[in-house]
Amino acid sequence: MGAMSVRTQSSEPPESSGAPHRAGFACFVGRPNAGKSTLTNALVGQKVAITANQPQTTRHTVRGIVHRPDAQLILVDTPGLHKPRTLLGERLNDIVRTTWAEVDVIGFCLPANEKLGPGDRFIAKELASIKKTPKIAIVTKTDLVDGKTLAEQLIAIDQLGAELGFEWAEIVPVSAVGDEQVGLLADLIVPLLPEGPALYPEGDLTDEPEQVMVAELIREAALEGVRDELPHSIAVVVEEMLPREDRPADKPLLDIHAFVYIERPSQKGIVIGPKGKRLKEVGIKSRKQIEALLGTPVFLDLHVKVAKDWQRDPRQLRKLGF
């Protein structure tokens with residue numbers, strides 16, 4: 001366990017009251033749909049990152065914050081690392097690498113029910129190049145396999161590290177859905193964090209600006225049911241969020257104006273639906289979630305716009321926040 005003893009200890013004598021408080025950053029990596037966001041939500045205990053059954057829904061660094069008496073763990077959610085085919089892909093990969101180098105612990109999520117594949121090796125190889133950061137292998141979705149399959153997966157993961165010349169700080173099986181061992185995972189990550197005071201106030205669960213979270217909720221609702229036709233050529237920009245004027249204090253209303261950007265005019269009909277029916281459903285569904293998130297009634301104004309080939313256009317990407 002060479003990797004673990006390298007961590008620098010503070011020179012001050014340990015306080016007599018027991019273990020020192022620790023605070024730091026961890027990020028979960030893994031192939032799309034490896035269970036990263038689900039795990040974040042299970043640890044934080046509230047829906048923070050956006051979960052969906054298709055790759056690349058998490059586009060922004062959503063941080064979930066786990067508050068414990070002895071530690072504060074801040075989860076940085078990076079977009080999935082993949083072989084880039086577009087400018088957007090390359091930009092996402094750059095974000096990923098800088099994030100990995102800056103965190104205190106990396107948790108590599110590998111589903112128990114899928115054999116290690118080239119995608120996992122690709123990520124593990126990248127991890128091997130980040131020498132100093134302790135790496136935990138987290139075997140997710142253990143509720144879907146039997147004991148023998150799980151044991152084989154644990155051995156395969158151990159060997160993968162050995163092949164690439166590094167040792168996992170821990171290998172932990174979890175099922176976030178069944179809440180199995182999620183607490184244990186936090187217990188194992190905490191000792192790898194640097195000593196120090198809490199970095200965020202107690203009540204914070206995420207430091208994502210609300211507008212970004214609102215945009216993500218709209219985007220998730222807009223993709224519902226049309227994933228096959230528009231895998232991820234939808235971007236949402238919240239233009240403004242303003243409290244409606246002349247409303248009594250006990251009956252506030254928040255006006256949200258948002259644009260749903262698609263790449264081609266032919267996709268407009270898919271998003272809007274016959275007689276605007278789909279867009280209306282998207283509005284109703286996301287409005288409910290936004291109201292739950294912000295705790296206030298919302299008037300949501302949605303418009304669909306074509307931004308030609310936005311995934312490949314640097315100017316559009318900047319405008320859309322990448």
# chains A, B, ... in the order shown; residues from 1 in each chain; ligands from 1
call {"tool": "select_by_dssp", "arguments": {"residues": "region 105-316 of chain A", "states": "strand (DSSP E or B)", "output": "number ranges by chain"}}
result
A: 105-111, 135-140, 170-173, 175, 180, 195, 234-243, 254-262, 298-306
call {"tool": "residues_around", "arguments": {"residues": "Val182 (chain A)", "least_positions_apart": "6", "cutoff": "9 Å", "atoms": "only C-alpha atoms", "output": "list of chain:residue names"}}
result
A:Leu39, A:Ala42, A:Leu43, A:Val174, A:Ser175, A:Ala176
call {"tool": "residues_around", "arguments": {"residues": "Pro201 (chain A)", "least_positions_apart": "5", "cutoff": "10 Å", "atoms": "only C-alpha atoms", "output": "mmCIF file with N, CA, C and O atoms, in the first residue's frame"}}
result
data_model
loop_
_atom_site.group_PDB
_atom_site.id
_atom_site.type_symbol
_atom_site.label_atom_id
_atom_site.label_comp_id
_atom_site.auth_asym_id
_atom_site.auth_seq_id
_atom_site.Cartn_x
_atom_site.Cartn_y
_atom_site.Cartn_z
ATOM 1 N N ILE A 65 -21.739 17.583 -1.880
ATOM 2 C CA ILE A 65 -20.930 17.745 -0.677
ATOM 3 C C ILE A 65 -21.431 16.816 0.426
ATOM 4 O O ILE A 65 -22.606 16.838 0.770
ATOM 5 N N HIS A 67 -21.299 15.988 4.194
ATOM 6 C CA HIS A 67 -20.896 16.580 5.480
ATOM 7 C C HIS A 67 -20.858 15.478 6.531
ATOM 8 O O HIS A 67 -21.836 14.774 6.721
ATOM 9 N N GLN A 72 -15.226 16.534 5.528
ATOM 10 C CA GLN A 72 -16.111 17.024 4.482
ATOM 11 C C GLN A 72 -15.533 16.555 3.154
ATOM 12 O O GLN A 72 -14.374 16.797 2.836
#
call {"tool": "atom_distance", "arguments": {"atom1": "CA of Glu216 (chain A)", "atom2": "CA of Met241 (chain A)"}}
result
14.5 Å
call {"tool": "residues_around", "arguments": {"residues": "region 115-131 of chain A", "least_positions_apart": "4", "cutoff": "10 Å", "atoms": "only C-alpha atoms", "output": "ChimeraX atom specification"}}
result
/A:3,29-32,80-83,97,100-101,106,108-111,135,149,152-153,156-157,160-161,163-167
call {"tool": "closest_residue", "arguments": {"among": "A:Gln159, A:Thr38, A:Ser233, A:Thr133", "to": "Ile262 (chain A)", "atoms": "only C-alpha atoms"}}
result
A:Ser233
call {"tool": "residues_around", "arguments": {"residues": "Leu75 (chain A)", "least_positions_apart": "6", "cutoff": "6 Å", "atoms": "only C-alpha atoms", "output": "list in words"}}
result
Phe25, Ala26, Cys27, Arg63 and Gly64 of chain A
call {"tool": "closest_residue", "arguments": {"among": "A:Ala112, A:Ala162, A:Ala71, A:Lys251", "to": "Asp146 (chain A)", "atoms": "only C-alpha atoms"}}
result
A:Ala112
call {"tool": "residues_around", "arguments": {"residues": "Ser286 (chain A)", "least_positions_apart": "6", "cutoff": "7 Å", "atoms": "only C-alpha atoms", "output": "PyMOL selection string"}}
result
chain A and resi 217-218+221
call {"tool": "write_last_selection", "arguments": {"atoms": "N, CA and C atoms", "output": "JSON list (two decimals), in the first residue's frame"}}
result
[["chain", "number", "residue", "atom", "x", "y", "z"],
["A", 217, "LEU", "N", -31.92, 20.18, -15.79],
["A", 217, "LEU", "CA", -33.23, 19.55, -15.60],
["A", 217, "LEU", "C", -34.07, 19.65, -16.87],
["A", 218, "ILE", "N", -34.01, 20.81, -17.53],
["A", 218, "ILE", "CA", -34.77, 20.99, -18.77],
["A", 218, "ILE", "C", -34.21, 20.05, -19.85],
["A", 221, "ALA", "N", -35.33, 16.51, -19.30],
["A", 221, "ALA", "CA", -36.73, 16.32, -19.69],
["A", 221, "ALA", "C", -36.88, 16.33, -21.21]]
call {"tool": "select_by_dssp", "arguments": {"residues": "region 240-303 of chain A", "states": "alpha helix (DSSP H)", "output": "VMD selection string"}}
result
chain A and resid 268 to 272 277 to 294
call {"tool": "write_last_selection", "arguments": {"atoms": "N, CA and C atoms", "output": "compact mmCIF listing (two decimals), in the first residue's frame"}}
result
# COMPACT_ATOMS: atom_id res chain seq x y z
N LYS A 268 -36.25 20.00 -35.06
CA LYS A 268 -37.18 20.89 -34.36
C LYS A 268 -38.51 20.18 -34.10
N GLY A 269 -39.00 19.53 -35.14
CA GLY A 269 -40.28 18.83 -35.02
C GLY A 269 -40.25 17.74 -33.96
N ILE A 270 -39.10 17.09 -33.83
CA ILE A 270 -38.97 16.01 -32.84
C ILE A 270 -39.12 16.57 -31.42
N VAL A 271 -38.45 17.70 -31.19
CA VAL A 271 -38.47 18.29 -29.84
C VAL A 271 -39.83 18.91 -29.52
N ILE A 272 -40.41 19.57 -30.54
CA ILE A 272 -41.67 20.27 -30.29
C ILE A 272 -42.86 19.30 -30.28
N LYS A 277 -47.12 19.41 -28.61
CA LYS A 277 -47.46 18.58 -27.45
C LYS A 277 -46.21 18.17 -26.64
N ARG A 278 -45.15 17.75 -27.34
CA ARG A 278 -43.96 17.29 -26.60
C ARG A 278 -43.32 18.42 -25.81
N LEU A 279 -43.17 19.57 -26.45
CA LEU A 279 -42.52 20.68 -25.76
C LEU A 279 -43.31 21.07 -24.51
N LYS A 280 -44.63 20.99 -24.62
CA LYS A 280 -45.49 21.29 -23.48
C LYS A 280 -45.19 20.31 -22.33
N GLU A 281 -45.09 19.01 -22.69
CA GLU A 281 -44.79 17.99 -21.67
C GLU A 281 -43.42 18.24 -21.03
N VAL A 282 -42.46 18.59 -21.88
CA VAL A 282 -41.11 18.90 -21.37
C VAL A 282 -41.20 20.04 -20.36
N GLY A 283 -41.99 21.06 -20.72
CA GLY A 283 -42.15 22.22 -19.84
C GLY A 283 -42.77 21.84 -18.51
N ILE A 284 -43.84 21.04 -18.56
CA ILE A 284 -44.54 20.65 -17.32
C ILE A 284 -43.62 19.82 -16.43
N LYS A 285 -42.96 18.82 -17.06
CA LYS A 285 -42.11 17.92 -16.28
C LYS A 285 -40.94 18.67 -15.64
N SER A 286 -40.24 19.48 -16.45
CA SER A 286 -39.06 20.15 -15.89
C SER A 286 -39.48 21.24 -14.90
N ARG A 287 -40.65 21.87 -15.14
CA ARG A 287 -41.07 22.91 -14.20
C ARG A 287 -41.28 22.32 -12.81
N LYS A 288 -41.91 21.14 -12.74
CA LYS A 288 -42.12 20.49 -11.44
C LYS A 288 -40.78 20.26 -10.73
N GLN A 289 -39.80 19.77 -11.49
CA GLN A 289 -38.49 19.48 -10.87
C GLN A 289 -37.77 20.75 -10.46
N ILE A 290 -37.91 21.79 -11.29
CA ILE A 290 -37.26 23.07 -10.96
C ILE A 290 -37.88 23.66 -9.70
N GLU A 291 -39.22 23.56 -9.59
CA GLU A 291 -39.90 24.09 -8.40
C GLU A 291 -39.45 23.33 -7.16
N ALA A 292 -39.26 22.01 -7.31
CA ALA A 292 -38.79 21.21 -6.17
C ALA A 292 -37.36 21.61 -5.80
N LEU A 293 -36.55 21.87 -6.82
CA LEU A 293 -35.14 22.24 -6.59
C LEU A 293 -35.04 23.61 -5.92
N LEU A 294 -35.79 24.58 -6.43
CA LEU A 294 -35.64 25.96 -5.95
C LEU A 294 -36.61 26.30 -4.82
call {"tool": "closest_residue", "arguments": {"among": "A:Leu87, A:Asp143, A:Val190, A:Gly107", "to": "Lys36 (chain A)", "atoms": "only C-alpha atoms"}}
result
A:Gly107
call {"tool": "closest_residue", "arguments": {"among": "A:Arg227, A:His303, A:Arg244, A:Lys308", "to": "Pro265 (chain A)", "atoms": "only C-alpha atoms"}}
result
A:Lys308
call {"tool": "atom_distance", "arguments": {"atom1": "CA of Leu184 (chain A)", "atom2": "CA of Pro20 (chain A)"}}
result
18.9 Å
call {"tool": "closest_residue", "arguments": {"among": "A:Leu88, A:Leu150, A:Thr140, A:Ala258", "to": "Ala34 (chain A)", "atoms": "only C-alpha atoms"}}
result
A:Thr140
call {"tool": "atom_distance", "arguments": {"atom1": "CA of Arg68 (chain A)", "atom2": "CA of Glu170 (chain A)"}}
result
20.6 Å
